[in-house]
>>> print(open('upload-v7.cif').read())   # mmCIF, C-alpha atoms and all ligand atoms
data_data
loop_
_atom_site.label_atom_id
_atom_site.label_comp_id
_atom_site.auth_asym_id
_atom_site.auth_seq_id
_atom_site.Cartn_x
_atom_site.Cartn_y
_atom_site.Cartn_z
CA MET A 581 -42.17 -110.23 -22.69
CA GLN A 582 -44.18 -108.12 -25.14
CA VAL A 583 -43.48 -104.55 -26.17
CA TYR A 584 -46.15 -102.07 -27.33
CA LEU A 585 -46.04 -98.56 -28.73
CA VAL A 586 -48.46 -96.48 -26.61
CA GLY A 587 -49.94 -93.05 -25.96
CA GLY A 588 -49.36 -89.97 -28.10
CA ALA A 589 -47.47 -91.75 -30.89
CA VAL A 590 -50.37 -94.12 -31.61
CA ARG A 591 -52.86 -91.23 -31.45
CA ASP A 592 -50.84 -88.95 -33.73
CA GLU A 593 -50.17 -91.68 -36.25
CA LEU A 594 -53.94 -92.39 -36.52
CA LEU A 595 -54.59 -88.67 -36.91
CA GLY A 596 -51.96 -88.48 -39.65
CA ARG A 597 -49.90 -86.04 -37.61
CA PRO A 598 -46.12 -86.19 -37.26
CA VAL A 599 -44.99 -88.32 -34.31
CA SER A 600 -42.52 -86.42 -32.17
CA GLU A 601 -41.83 -88.90 -29.38
CA ARG A 602 -42.41 -92.62 -29.00
CA ASP A 603 -43.24 -94.24 -25.66
CA TRP A 604 -43.34 -97.98 -25.13
CA VAL A 605 -44.92 -100.28 -22.57
CA VAL A 606 -43.38 -103.62 -21.67
CA VAL A 607 -45.66 -106.41 -20.41
CA GLY A 608 -44.42 -109.54 -18.65
CA ALA A 609 -40.95 -108.38 -17.65
CA THR A 610 -39.15 -107.52 -14.42
CA PRO A 611 -36.72 -104.62 -13.89
CA GLU A 612 -33.88 -107.13 -13.58
CA GLU A 613 -34.66 -108.62 -16.99
CA MET A 614 -34.74 -105.16 -18.55
CA GLU A 615 -31.34 -104.32 -17.14
CA ARG A 616 -29.96 -107.66 -18.31
CA LEU A 617 -31.12 -106.75 -21.82
CA GLY A 618 -29.12 -103.51 -21.64
CA TYR A 619 -31.95 -101.06 -20.86
CA ARG A 620 -30.90 -98.22 -18.55
CA PRO A 621 -33.22 -97.51 -15.58
CA VAL A 622 -34.28 -93.84 -15.33
CA GLY A 623 -37.61 -93.81 -13.48
CA ARG A 624 -37.55 -92.53 -9.93
CA GLU A 625 -41.13 -93.35 -8.98
CA PHE A 626 -41.85 -96.23 -11.32
CA PRO A 627 -39.77 -98.50 -13.55
CA VAL A 628 -38.93 -96.71 -16.79
CA PHE A 629 -35.92 -97.61 -18.91
CA LEU A 630 -34.10 -96.13 -21.87
CA HIS A 631 -33.51 -98.36 -24.86
CA PRO A 632 -29.76 -98.97 -25.25
CA GLN A 633 -29.72 -97.69 -28.86
CA SER A 634 -32.80 -95.57 -29.59
CA LYS A 635 -32.89 -94.04 -26.06
CA GLU A 636 -36.70 -94.14 -26.26
CA GLU A 637 -38.64 -94.71 -23.04
CA TYR A 638 -39.81 -98.20 -22.13
CA ALA A 639 -42.05 -98.40 -19.05
CA LEU A 640 -43.09 -101.62 -17.33
CA ALA A 641 -46.88 -102.00 -17.40
CA ARG A 642 -48.20 -100.60 -14.13
CA LEU A 643 -51.23 -99.82 -12.01
CA GLU A 644 -51.55 -96.60 -10.08
CA ARG A 645 -53.46 -96.00 -6.89
CA LYS A 646 -54.26 -92.66 -5.35
CA THR A 647 -53.08 -92.23 -1.77
CA GLY A 648 -53.18 -88.46 -1.15
CA ALA A 649 -53.83 -85.02 -2.61
CA GLY A 650 -51.83 -83.58 -5.47
CA TYR A 651 -50.01 -85.22 -8.30
CA ARG A 652 -47.42 -86.90 -6.08
CA GLY A 653 -50.02 -88.71 -4.02
CA PHE A 654 -49.72 -92.03 -5.86
CA VAL A 655 -48.43 -95.50 -5.27
CA THR A 656 -47.68 -97.58 -8.31
CA GLU A 657 -47.83 -101.32 -8.57
CA PHE A 658 -45.93 -103.15 -11.24
CA SER A 659 -45.34 -106.81 -11.80
CA PRO A 660 -45.09 -109.09 -14.84
CA GLN A 661 -48.78 -109.89 -14.22
CA VAL A 662 -50.05 -106.37 -14.95
CA SER A 663 -51.76 -106.52 -18.35
CA LEU A 664 -51.62 -104.02 -21.19
CA GLU A 665 -55.36 -103.30 -20.71
CA GLN A 666 -54.76 -102.48 -17.04
CA ASP A 667 -51.92 -100.16 -17.94
CA LEU A 668 -54.03 -98.42 -20.59
CA MET A 669 -56.94 -98.04 -18.20
CA ARG A 670 -55.05 -95.76 -15.81
CA ARG A 671 -54.44 -93.26 -18.62
CA ASP A 672 -56.16 -89.91 -19.10
CA LEU A 673 -58.05 -89.87 -22.40
CA THR A 674 -59.30 -92.69 -24.61
CA ILE A 675 -57.36 -91.21 -27.55
CA ASN A 676 -54.19 -91.56 -25.45
CA ALA A 677 -55.03 -95.09 -24.25
CA MET A 678 -54.33 -97.09 -27.39
CA ALA A 679 -51.38 -99.35 -28.15
CA ARG A 680 -49.79 -100.91 -31.19
CA SER A 681 -48.14 -104.34 -31.05
CA ALA A 682 -44.87 -105.21 -32.72
CA GLU A 683 -46.92 -106.87 -35.49
CA GLY A 684 -48.83 -103.64 -36.08
CA THR A 685 -52.16 -104.61 -34.45
CA LEU A 686 -54.05 -101.76 -32.80
CA ILE A 687 -55.10 -102.50 -29.21
CA ASP A 688 -57.93 -100.16 -28.31
CA PRO A 689 -59.97 -101.43 -25.35
CA TYR A 690 -61.54 -98.06 -24.48
CA GLY A 691 -62.76 -96.79 -27.85
CA GLY A 692 -59.94 -94.35 -28.61
CA ARG A 693 -60.16 -94.76 -32.36
CA GLU A 694 -63.88 -94.08 -32.39
CA ASP A 695 -63.35 -91.00 -30.22
CA LEU A 696 -60.70 -89.79 -32.66
CA GLN A 697 -63.21 -90.16 -35.46
CA ARG A 698 -65.93 -88.45 -33.44
CA ARG A 699 -63.46 -85.74 -32.38
CA GLN A 700 -64.07 -86.38 -28.67
CA LEU A 701 -61.71 -85.80 -25.76
CA ARG A 702 -63.09 -88.36 -23.34
CA HIS A 703 -61.70 -89.76 -20.08
CA VAL A 704 -60.93 -93.47 -19.89
CA SER A 705 -62.28 -94.22 -16.44
CA ALA A 706 -63.21 -92.68 -13.09
CA ALA A 707 -59.48 -92.82 -12.25
CA PHE A 708 -59.16 -89.69 -14.40
CA VAL A 709 -59.83 -87.57 -11.29
CA GLU A 710 -56.80 -88.97 -9.52
CA ASP A 711 -54.38 -86.69 -11.34
CA PRO A 712 -55.17 -82.94 -11.46
CA VAL A 713 -52.56 -82.35 -14.18
CA ARG A 714 -55.12 -83.92 -16.46
CA VAL A 715 -57.35 -80.86 -16.21
CA LEU A 716 -54.48 -78.89 -17.74
CA ARG A 717 -53.70 -81.62 -20.26
CA VAL A 718 -57.29 -81.79 -21.52
CA ALA A 719 -57.25 -77.99 -21.89
CA ARG A 720 -53.96 -78.24 -23.79
CA PHE A 721 -55.29 -80.95 -26.10
CA ALA A 722 -58.35 -78.77 -26.70
CA ALA A 723 -55.93 -76.00 -27.78
CA ARG A 724 -54.02 -78.37 -30.04
CA PHE A 725 -56.98 -80.03 -31.69
CA ALA A 726 -59.54 -77.18 -31.80
CA GLY A 727 -58.83 -76.75 -35.51
CA LEU A 728 -59.86 -80.39 -36.05
CA ASN A 729 -63.15 -79.68 -34.25
CA PHE A 730 -62.42 -81.75 -31.16
CA GLN A 731 -64.82 -81.25 -28.25
CA ILE A 732 -64.55 -82.27 -24.63
CA ALA A 733 -67.09 -84.96 -23.77
CA PRO A 734 -69.67 -83.50 -21.36
CA ALA A 735 -69.00 -86.26 -18.81
CA THR A 736 -65.29 -85.44 -18.87
CA LEU A 737 -65.95 -81.74 -18.39
CA ALA A 738 -68.21 -82.65 -15.47
CA LEU A 739 -65.36 -84.66 -13.89
CA MET A 740 -63.01 -81.71 -14.38
CA ARG A 741 -65.53 -79.48 -12.55
CA THR A 742 -65.63 -81.96 -9.68
CA MET A 743 -61.85 -81.88 -9.46
CA VAL A 744 -61.98 -78.09 -9.08
CA VAL A 745 -64.71 -78.24 -6.44
CA ASP A 746 -62.89 -80.97 -4.51
CA GLY A 747 -59.76 -78.84 -4.30
CA GLU A 748 -57.64 -81.20 -6.42
CA VAL A 749 -56.83 -78.46 -8.92
CA ALA A 750 -55.70 -76.13 -6.13
CA ALA A 751 -53.09 -78.76 -5.21
CA LEU A 752 -51.33 -78.44 -8.59
CA VAL A 753 -47.74 -77.31 -8.28
CA PRO A 754 -47.15 -73.94 -9.98
CA GLU A 755 -44.33 -75.22 -12.20
CA ARG A 756 -46.71 -77.75 -13.67
CA VAL A 757 -49.32 -75.10 -14.41
CA TRP A 758 -46.71 -73.05 -16.24
CA ARG A 759 -45.33 -76.06 -18.12
CA GLU A 760 -48.73 -76.93 -19.54
CA MET A 761 -49.60 -73.27 -20.18
CA GLU A 762 -46.31 -72.66 -21.99
CA ARG A 763 -46.97 -75.62 -24.26
CA ALA A 764 -50.58 -74.53 -24.80
CA LEU A 765 -49.45 -71.05 -25.84
CA THR A 766 -47.67 -72.43 -28.90
CA GLU A 767 -50.56 -74.65 -29.97
CA ALA A 768 -52.82 -73.79 -32.91
CA ALA A 769 -55.64 -72.38 -30.75
CA PRO A 770 -54.26 -71.44 -27.31
CA GLU A 771 -57.48 -69.62 -26.47
CA ALA A 772 -59.16 -73.04 -26.18
CA PHE A 773 -56.80 -73.81 -23.26
CA PHE A 774 -58.02 -70.82 -21.26
CA GLU A 775 -61.61 -71.29 -22.42
CA THR A 776 -61.58 -74.89 -21.19
CA LEU A 777 -60.10 -73.91 -17.82
CA HIS A 778 -62.75 -71.20 -17.59
CA ASP A 779 -65.55 -73.63 -18.47
CA CYS A 780 -64.58 -76.13 -15.78
CA GLY A 781 -64.02 -73.42 -13.16
CA ALA A 782 -60.25 -73.98 -12.90
CA LEU A 783 -59.16 -70.61 -14.30
CA PRO A 784 -59.65 -68.53 -11.12
CA VAL A 785 -57.87 -71.27 -9.16
CA VAL A 786 -54.77 -71.61 -11.33
CA LEU A 787 -54.62 -68.14 -12.92
CA PRO A 788 -56.54 -65.75 -10.63
CA GLU A 789 -54.77 -62.71 -12.13
CA LEU A 790 -56.21 -63.30 -15.60
CA HIS A 791 -59.63 -61.78 -16.34
CA TRP A 792 -60.12 -63.77 -19.54
CA ASN A 793 -62.59 -61.35 -21.07
CA THR A 794 -63.40 -60.73 -24.75
CA SER A 795 -60.45 -58.37 -25.19
CA ASP A 796 -57.99 -60.92 -23.77
CA ARG A 797 -59.40 -63.52 -26.12
CA GLU A 798 -59.15 -61.24 -29.15
CA ALA A 799 -55.61 -60.20 -28.27
CA LEU A 800 -54.52 -63.81 -27.97
CA ARG A 801 -56.15 -64.70 -31.29
CA ALA A 802 -54.47 -61.74 -32.95
CA ALA A 803 -51.09 -62.78 -31.49
CA VAL A 804 -51.56 -66.29 -32.90
CA ARG A 805 -52.01 -64.78 -36.36
CA LEU A 806 -48.90 -62.63 -35.95
CA ALA A 807 -46.36 -64.91 -34.28
CA PRO A 808 -45.66 -68.54 -33.43
CA ASP A 809 -43.65 -67.35 -30.43
CA GLY A 810 -45.14 -68.20 -27.02
CA SER A 811 -43.71 -65.08 -25.37
CA VAL A 812 -45.50 -62.77 -27.86
CA ARG A 813 -48.76 -64.62 -27.26
CA PHE A 814 -48.32 -64.50 -23.48
CA ALA A 815 -47.57 -60.75 -23.58
CA ALA A 816 -50.62 -60.04 -25.75
CA LEU A 817 -52.79 -62.09 -23.39
CA MET A 818 -51.52 -60.24 -20.30
CA ALA A 819 -51.46 -56.76 -21.87
CA ARG A 820 -54.58 -55.49 -20.06
CA THR A 821 -53.54 -56.90 -16.68
CA ALA A 822 -51.97 -54.43 -14.24
CA PRO A 823 -48.16 -54.86 -14.09
CA PRO A 824 -48.13 -55.74 -10.35
CA MET A 825 -50.59 -58.55 -11.11
CA ILE A 826 -48.38 -59.77 -13.95
CA GLU A 827 -45.46 -59.77 -11.50
CA THR A 828 -47.48 -61.79 -9.00
CA LEU A 829 -48.50 -64.36 -11.59
CA CYS A 830 -44.96 -64.69 -12.96
CA GLU A 831 -43.50 -65.00 -9.48
CA ARG A 832 -45.95 -67.68 -8.42
CA LEU A 833 -45.69 -69.79 -11.57
CA ARG A 834 -41.93 -69.14 -11.90
CA VAL A 835 -42.46 -67.87 -15.40
CA PRO A 836 -39.11 -67.58 -17.20
CA ASN A 837 -37.67 -64.09 -17.62
CA PRO A 838 -38.09 -63.70 -21.39
CA TYR A 839 -41.86 -64.16 -20.97
CA ARG A 840 -42.08 -61.97 -17.89
CA GLU A 841 -40.06 -59.08 -19.31
CA LEU A 842 -42.00 -58.96 -22.54
CA ALA A 843 -45.38 -59.11 -20.79
CA LEU A 844 -44.43 -56.28 -18.43
CA LEU A 845 -43.04 -54.10 -21.22
CA CYS A 846 -46.13 -54.67 -23.31
CA ALA A 847 -48.50 -53.85 -20.42
CA ARG A 848 -46.52 -50.69 -19.58
CA LEU A 849 -45.77 -49.35 -23.05
CA LYS A 850 -48.61 -50.51 -25.27
CA GLU A 851 -50.55 -47.22 -25.30
CA ARG A 852 -47.44 -45.20 -26.05
CA ILE A 853 -46.44 -47.64 -28.78
CA GLN A 854 -49.90 -47.55 -30.31
CA ASP A 855 -49.86 -43.72 -30.26
CA ALA A 856 -46.28 -43.43 -31.52
CA ALA A 857 -47.35 -41.53 -34.63
CA GLY A 858 -48.45 -38.63 -32.41
CA SER A 859 -45.10 -38.33 -30.55
CA ASP A 860 -42.49 -35.71 -31.26
CA ALA A 861 -38.87 -36.74 -31.86
CA ALA A 862 -37.90 -36.54 -28.17
CA GLY A 863 -40.96 -38.63 -27.23
CA LEU A 864 -40.07 -41.25 -29.82
CA LEU A 865 -36.52 -41.51 -28.52
CA GLU A 866 -37.73 -41.79 -24.95
CA LEU A 867 -40.08 -44.59 -25.98
CA LEU A 868 -37.33 -46.46 -27.84
CA GLU A 869 -35.08 -46.13 -24.81
CA SER A 870 -37.80 -47.35 -22.41
CA ALA A 871 -38.22 -50.41 -24.61
CA ASP A 872 -34.42 -50.87 -24.72
CA ALA A 873 -34.82 -51.01 -28.50
CA PHE A 874 -31.18 -50.26 -29.33
CA ARG A 875 -29.67 -52.96 -27.15
CA ARG A 876 -32.43 -55.56 -27.52
CA PRO A 877 -33.62 -55.28 -31.16
CA GLU A 878 -34.97 -58.83 -31.29
CA ARG A 879 -37.04 -58.34 -28.13
CA PHE A 880 -38.21 -54.98 -29.46
CA HIS A 881 -39.46 -56.76 -32.57
CA ARG A 882 -41.47 -59.17 -30.39
CA LEU A 883 -42.74 -56.27 -28.28
CA LEU A 884 -44.14 -54.52 -31.35
CA LEU A 885 -45.90 -57.72 -32.40
CA ALA A 886 -47.38 -58.22 -28.93
CA CYS A 887 -48.55 -54.59 -28.72
CA SER A 888 -50.18 -54.71 -32.10
CA ALA A 889 -51.98 -57.93 -31.12
CA ALA A 890 -53.08 -56.29 -27.88
CA ALA A 891 -54.94 -53.58 -29.80
CA PRO A 892 -56.28 -55.31 -32.89
CA THR A 893 -58.58 -52.38 -33.71
CA VAL A 894 -55.84 -49.73 -33.75
CA ASP A 895 -53.93 -49.26 -37.01
CA ALA A 896 -51.16 -51.35 -35.53
CA PRO A 897 -49.07 -52.12 -38.62
CA ASP A 898 -48.60 -48.38 -39.03
CA ALA A 899 -47.29 -47.86 -35.50
CA GLN A 900 -45.10 -50.93 -35.93
CA SER A 901 -43.49 -49.82 -39.16
CA LEU A 902 -42.98 -46.31 -37.82
CA LEU A 903 -41.21 -47.57 -34.70
CA ARG A 904 -39.15 -50.13 -36.54
CA ALA A 905 -37.90 -47.47 -38.93
CA ALA A 906 -37.36 -45.01 -36.06
CA ALA A 907 -35.29 -47.57 -34.16
CA THR A 908 -33.12 -48.15 -37.22
CA VAL A 909 -32.64 -44.42 -37.81
CA ALA A 910 -31.86 -43.49 -34.20
CA GLY A 911 -29.86 -46.69 -33.59
CA GLY A 912 -27.68 -45.89 -36.59
CA VAL A 913 -26.63 -42.48 -35.22
CA SER A 914 -23.06 -42.23 -34.04
CA LEU A 915 -21.05 -39.21 -32.98
CA ALA A 916 -18.19 -38.11 -35.16
CA SER A 917 -14.92 -38.09 -33.23
CA ALA A 918 -14.65 -34.31 -33.73
CA HIS A 919 -17.94 -34.00 -31.88
CA MET A 920 -16.74 -36.00 -28.91
CA GLU A 921 -13.49 -34.12 -28.34
CA GLY A 922 -13.24 -32.95 -24.75
CA LEU A 923 -16.57 -34.61 -23.74
CA GLN A 924 -16.88 -36.83 -20.63
CA GLY A 925 -19.14 -39.92 -20.20
CA ALA A 926 -22.43 -38.20 -19.32
CA GLN A 927 -21.79 -35.44 -21.82
CA ILE A 928 -21.26 -38.00 -24.59
CA ALA A 929 -24.59 -39.59 -23.72
CA THR A 930 -26.31 -36.19 -23.85
CA ALA A 931 -24.70 -35.39 -27.20
CA LEU A 932 -25.73 -38.77 -28.58
CA ARG A 933 -29.31 -38.23 -27.44
CA ALA A 934 -29.37 -34.80 -29.06
CA ALA A 935 -28.05 -36.26 -32.32
CA ARG A 936 -30.61 -39.02 -32.19
CA ILE A 937 -33.45 -36.57 -31.60
CA GLN A 938 -32.24 -34.49 -34.51
CA SER A 939 -32.16 -37.52 -36.81
CA LEU A 940 -35.61 -38.60 -35.64
CA ALA A 941 -37.00 -35.11 -36.27
CA HIS A 942 -35.58 -35.25 -39.78
CA PHE A 943 -36.99 -38.75 -40.27
CA GLN A 944 -40.45 -37.57 -39.15
CA SER A 945 -40.51 -34.60 -41.47
CA GLU A 946 -39.41 -36.80 -44.43
CA ARG A 947 -42.14 -39.27 -43.55
CA ARG A 948 -44.77 -36.55 -43.45
CA LYS A 949 -43.74 -35.42 -46.92
CA SER A 950 -44.02 -38.88 -48.48
N1 LIG A 1001 -50.62 -89.80 -19.37
C1 LIG A 1001 -51.73 -89.81 -18.53
N2 LIG A 1001 -51.89 -88.86 -17.57
C2 LIG A 1001 -50.97 -87.87 -17.44
C3 LIG A 1001 -49.85 -87.83 -18.27
C4 LIG A 1001 -49.70 -88.81 -19.24
O1 LIG A 1001 -52.58 -90.69 -18.65
N3 LIG A 1001 -51.13 -86.95 -16.50
C5 LIG A 1001 -50.46 -90.88 -20.34
C6 LIG A 1001 -51.23 -90.72 -21.64
O2 LIG A 1001 -51.58 -92.01 -22.07
C7 LIG A 1001 -50.20 -90.12 -22.58
C8 LIG A 1001 -48.93 -90.82 -22.14
O3 LIG A 1001 -49.08 -90.98 -20.73
O4 LIG A 1001 -50.53 -90.37 -23.95
C9 LIG A 1001 -47.66 -90.07 -22.48
O5 LIG A 1001 -47.68 -88.80 -21.90
P1 LIG A 1001 -46.98 -87.55 -22.57
O6 LIG A 1001 -45.79 -87.96 -23.33
O7 LIG A 1001 -46.88 -86.50 -21.53
O8 LIG A 1001 -48.11 -87.01 -23.55
P2 LIG A 1001 -48.59 -87.39 -24.98
O9 LIG A 1001 -49.98 -87.92 -24.90
O10 LIG A 1001 -47.58 -88.20 -25.70
O11 LIG A 1001 -48.79 -85.95 -25.61
P3 LIG A 1001 -47.80 -84.95 -26.25
O12 LIG A 1001 -48.03 -85.14 -27.73
O13 LIG A 1001 -48.31 -83.66 -25.75
O14 LIG A 1001 -46.42 -85.27 -25.79
#
>>> encode(input="upload-v7.cif", output="structure tokens")
Amino acid sequence: MQVYLVGGAVRDELLGRPVSERDWVVVGATPEEMERLGYRPVGREFPVFLHPQSKEEYALARLERKTGAGYRGFVTEFSPQVSLEQDLMRRDLTINAMARSAEGTLIDPYGGREDLQRRQLRHVSAAFVEDPVRVLRVARFAARFAGLNFQIAPATLALMRTMVVDGEVAALVPERVWREMERALTEAAPEAFFETLHDCGALPVVLPELHWNTSDREALRAAVRLAPDGSVRFAALMARTAPPMIETLCERLRVPNPYRELALLCARLKERIQDAAGSDAAGLLELLESADAFRRPERFHRLLLACSAAAPTVDAPDAQSLLRAAATVAGGVSLASAHMEGLQGAQIATALRAARIQSLAHFQSERRKS
């Protein structure tokens, strides 16, 4: 049997990027042989094994045939006769369809290295259309490699359009859409993910709630400059979408709570946050309370970043620093025990609010003086 390093690791090594995960293909072996050698079977739909020591994935070379709609509509064929070239041919992009032998030889039957040099994201074969996840993957790779000037080959974009028209993209399971989108959000140029989906017509199918207009684009770009965090970027992107639409999108895609909460807060509070300088002390406190700034300071920090990205033209750093300082001032207020004597629960809360408002009023007047 022969073992080859394949996929992303070969691509990233040629690009001089760090390799995060190594996948291997085994040619000329049977599942029984693999188990005899101590590999642990983990694949449910096709034979994949974990190496006994490294725990890296070793898949038997396989062919895939489409049998129905959606990404589960496949049958796979594997046997010791399936060649490396056949296995590489069923893959999505030429840059992901290269292999390296144990001796270090590059096996590149579909021109992956040349496409890396020419900065092209190009499909390997017509079998590309058999897996709609690939539309999302190409968009995600566009987001990752935009800074390196990668472009999608026109023929590949045309295939992606066909997959939208044929209804393949509509068959994507929502979790998969979110998984790819979440990864795309933390890439160097996440706007290229949405731009690509827009260009091939998939955006209204997978994310009908998103307008993807110039303001959305600018907000996302601004968020990328401010934070590596995907939730900040997501919130900035969704900030101009009506909250009920954000709820619908998050429900459908099963977007995790930290993303959902931040996006909703940002959409609801962004104007008030941007105009914070014009609020009186009671208004400031009410805003801090609405944002749950005292109990969730870390989320409040992300909220301020998302809101300032959502309005790149407003003097956002000013509103941010004001609110950060205000949260510290009001959050630091506590009632002296003499003050609380004889007060019940609700009365304590009222007294604390009054003390906070007083300290915020003082803070504002000091700020005005300086
Ligand atoms: N692959 C594919 N079609 C898919 C998913 C994966 O052809 N829908 C192939 C590609 O050859 C890919 C390899 O399987 O390189 C491994 O997939 P995965 O680990 O998901 O992606 P990577 O290309 O390694 O990318 P990443 O760096 O994002 O992990």
>>> residues_around(input="upload-v7.cif", residues="stretch 610-615 of chain A", least_positions_apart="3", cutoff="7 Å", atoms="all atoms listed in the file", output="compact mmCIF listing (two decimals) with C-alpha atoms, keeping the file's coordinate frame")
# COMPACT_ATOMS: atom_id res chain seq x y z
CA GLY A 618 -29.12 -103.51 -21.64
CA TYR A 619 -31.95 -101.06 -20.86
CA ARG A 620 -30.90 -98.22 -18.55
CA PRO A 627 -39.77 -98.50 -13.55
CA SER A 659 -45.34 -106.81 -11.80
CA PRO A 660 -45.09 -109.09 -14.84
>>> residues_near_ligand(input="upload-v7.cif", ligand="ligand LIG 1001 (chain A)", cutoff="6 Å", atoms="only C-alpha atoms and all ligand atoms", output="list in words")
Gly587, Gly588, Arg671, Asp672, Asn676, Ala677, Val713 and Arg714 of chain A
>>> residues_near_point(input="upload-v7.cif", point="(-54.7, -76.7, -30.8)", cutoff="6 Å", atoms="only C-alpha atoms", output="ChimeraX atom specification")
/A:722-726,767-769
>>> closest_residue(input="upload-v7.cif", among="A:Asp796, A:Glu841, A:Leu885, A:Val583", to="A:Gly684", atoms="only C-alpha atoms")
A:Val583
>>> atom_distance(input="upload-v7.cif", atom1="atom CA of A:Val704", atom2="atom CA of A:Glu683")
24.9 Å
>>> residues_around(input="upload-v7.cif", residues="A:Val757", least_positions_apart="6", cutoff="9 Å", atoms="all atoms listed in the file", output="list in words")
Val713, Leu716, Val786, Leu787 and Leu833 of chain A
>>> write_last_selection(input="upload-v7.cif", atoms="C-alpha atoms", output="compact mmCIF listing (two decimals), in the frame of the given file")
# COMPACT_ATOMS: atom_id res chain seq x y z
CA VAL A 713 -52.56 -82.35 -14.18
CA LEU A 716 -54.48 -78.89 -17.74
CA VAL A 786 -54.77 -71.61 -11.33
CA LEU A 787 -54.62 -68.14 -12.92
CA LEU A 833 -45.69 -69.79 -11.57
>>> atom_distance(input="upload-v7.cif", atom1="atom CA of A:Val586", atom2="atom CA of A:Arg602")
7.6 Å
>>> atom_distance(input="upload-v7.cif", atom1="atom CA of A:Phe874", atom2="atom CA of A:Val913")
10.8 Å
>>> residues_around(input="upload-v7.cif", residues="A:Trp792", least_positions_apart="4", cutoff="12 Å", atoms="only C-alpha atoms", output="PyMOL selection string")
chain A and resi 771-779+783-784+787-788+796-800+816-821
>>> residues_near_point(input="upload-v7.cif", point="(-41.0, -99.6, -26.8)", cutoff="8 Å", atoms="only C-alpha atoms", output="PyMOL selection string")
chain A and resi 583-585+602-606+631+636-639
>>> residues_around(input="upload-v7.cif", residues="A:Gln854", least_positions_apart="4", cutoff="12 Å", atoms="all atoms listed in the file", output="PyMOL selection string")
chain A and resi 846-850+858-859+864+867+883-903
>>> residues_around(input="upload-v7.cif", residues="A:Cys780", least_positions_apart="3", cutoff="10 Å", atoms="all atoms listed in the file", output="PDB file with C-alpha atoms, in the frame of the given file")
ATOM      1  CA  VAL A 715     -57.350 -80.860 -16.210  1.00  0.00           C
ATOM      2  CA  ALA A 719     -57.250 -77.990 -21.890  1.00  0.00           C
ATOM      3  CA  THR A 736     -65.290 -85.440 -18.870  1.00  0.00           C
ATOM      4  CA  LEU A 737     -65.950 -81.740 -18.390  1.00  0.00           C
ATOM      5  CA  ALA A 738     -68.210 -82.650 -15.470  1.00  0.00           C
ATOM      6  CA  LEU A 739     -65.360 -84.660 -13.890  1.00  0.00           C
ATOM      7  CA  MET A 740     -63.010 -81.710 -14.380  1.00  0.00           C
ATOM      8  CA  ARG A 741     -65.530 -79.480 -12.550  1.00  0.00           C
ATOM      9  CA  THR A 742     -65.630 -81.960  -9.680  1.00  0.00           C
ATOM     10  CA  MET A 743     -61.850 -81.880  -9.460  1.00  0.00           C
ATOM     11  CA  VAL A 744     -61.980 -78.090  -9.080  1.00  0.00           C
ATOM     12  CA  VAL A 745     -64.710 -78.240  -6.440  1.00  0.00           C
ATOM     13  CA  GLU A 775     -61.610 -71.290 -22.420  1.00  0.00           C
ATOM     14  CA  THR A 776     -61.580 -74.890 -21.190  1.00  0.00           C
ATOM     15  CA  LEU A 777     -60.100 -73.910 -17.820  1.00  0.00           C
ATOM     16  CA  LEU A 783     -59.160 -70.610 -14.300  1.00  0.00           C
TER      17      LEU A 783
END
>>> closest_residue(input="upload-v7.cif", among="A:Leu594, A:Met825, A:Met678, A:Leu765", to="A:Pro808", atoms="only C-alpha atoms")
A:Leu765
